[in-house]
Amino acid sequence: MDSGYEFTSPPEKAPETQPAFAGGPPQPPPRPPKLTARDLLEPGEPGKRILVPDYIEIRDLAELLGVKPFKVVAEVLNLRMFKHADDFIDFSTASRIGQKHGFIVEKLL
């Protein structure tokens, strides 16, 4: 039975070649991260300790915790205090909020 179509085999697969940038000198090893003051405090959990003065601005505390200031303001409101991001809170309030975020809050001397 001839339907008018001829069977043609698929074309041969082209040989895989190396990319142009495959050769050349090896890349240097990555640099180790720079040490910060937080790294020098204690080799415990990195980034989980913050130092807070007696009074701290809510915006600064939010930056230390790595969250947006409005989230810290909301948590302060939950503690029945009406504060804005520009207002200051005392160490005990900052300590409670920091502990909620999993940080060890220590007083800056």
# chains A, B, ... in the order shown; residues from 1 in each chain; ligands from 1
call {"tool": "residues_around", "arguments": {"residues": "A:Glu57", "least_positions_apart": "5", "cutoff": "8 Å", "atoms": "only C-alpha atoms", "output": "PyMOL selection string"}}
result
chain A and resi 85-89
call {"tool": "residues_around", "arguments": {"residues": "A:Asp90", "least_positions_apart": "6", "cutoff": "9 Å", "atoms": "only C-alpha atoms", "output": "list in words"}}
result
Pro53, Asp54, Tyr55, Ile56 and Glu57 of chain A
call {"tool": "write_last_selection", "arguments": {"atoms": "N, CA and C atoms", "output": "PDB file, in the first residue's frame"}}
result
ATOM      1  N   PRO A  53      21.286  49.531  73.497  1.00  0.00           N
ATOM      2  CA  PRO A  53      21.481  50.484  74.596  1.00  0.00           C
ATOM      3  C   PRO A  53      20.230  50.559  75.482  1.00  0.00           C
ATOM      4  N   ASP A  54      20.269  51.423  76.497  1.00  0.00           N
ATOM      5  CA  ASP A  54      19.131  51.573  77.407  1.00  0.00           C
ATOM      6  C   ASP A  54      17.858  51.961  76.657  1.00  0.00           C
ATOM      7  N   TYR A  55      17.980  52.852  75.695  1.00  0.00           N
ATOM      8  CA  TYR A  55      16.847  53.257  74.864  1.00  0.00           C
ATOM      9  C   TYR A  55      17.274  53.166  73.410  1.00  0.00           C
ATOM     10  N   ILE A  56      16.387  52.603  72.582  1.00  0.00           N
ATOM     11  CA  ILE A  56      16.706  52.425  71.164  1.00  0.00           C
ATOM     12  C   ILE A  56      15.501  52.841  70.331  1.00  0.00           C
ATOM     13  N   GLU A  57      15.783  53.450  69.188  1.00  0.00           N
ATOM     14  CA  GLU A  57      14.721  53.824  68.264  1.00  0.00           C
ATOM     15  C   GLU A  57      14.172  52.557  67.611  1.00  0.00           C
TER      16      GLU A  57
END
call {"tool": "residues_around", "arguments": {"residues": "A:Phe70", "least_positions_apart": "3", "cutoff": "12 Å", "atoms": "only C-alpha atoms", "output": "number ranges by chain"}}
result
A: 58-63, 66-67, 73-77, 83-86
call {"tool": "closest_residue", "arguments": {"among": "A:Ile50, A:Lys68, A:Thr93, A:Ser9", "to": "A:Arg80", "atoms": "only C-alpha atoms"}}
result
A:Thr93
call {"tool": "atom_distance", "arguments": {"atom1": "atom CA of A:Leu79", "atom2": "atom CA of A:Ser95"}}
result
12.5 Å
call {"tool": "closest_residue", "arguments": {"among": "A:Pro29, A:Pro11, A:Leu65, A:Glu6", "to": "A:Gly102", "atoms": "only C-alpha atoms"}}
result
A:Leu65
call {"tool": "atom_distance", "arguments": {"atom1": "atom CA of A:Lys71", "atom2": "atom CA of A:Gln99"}}
result
14.3 Å
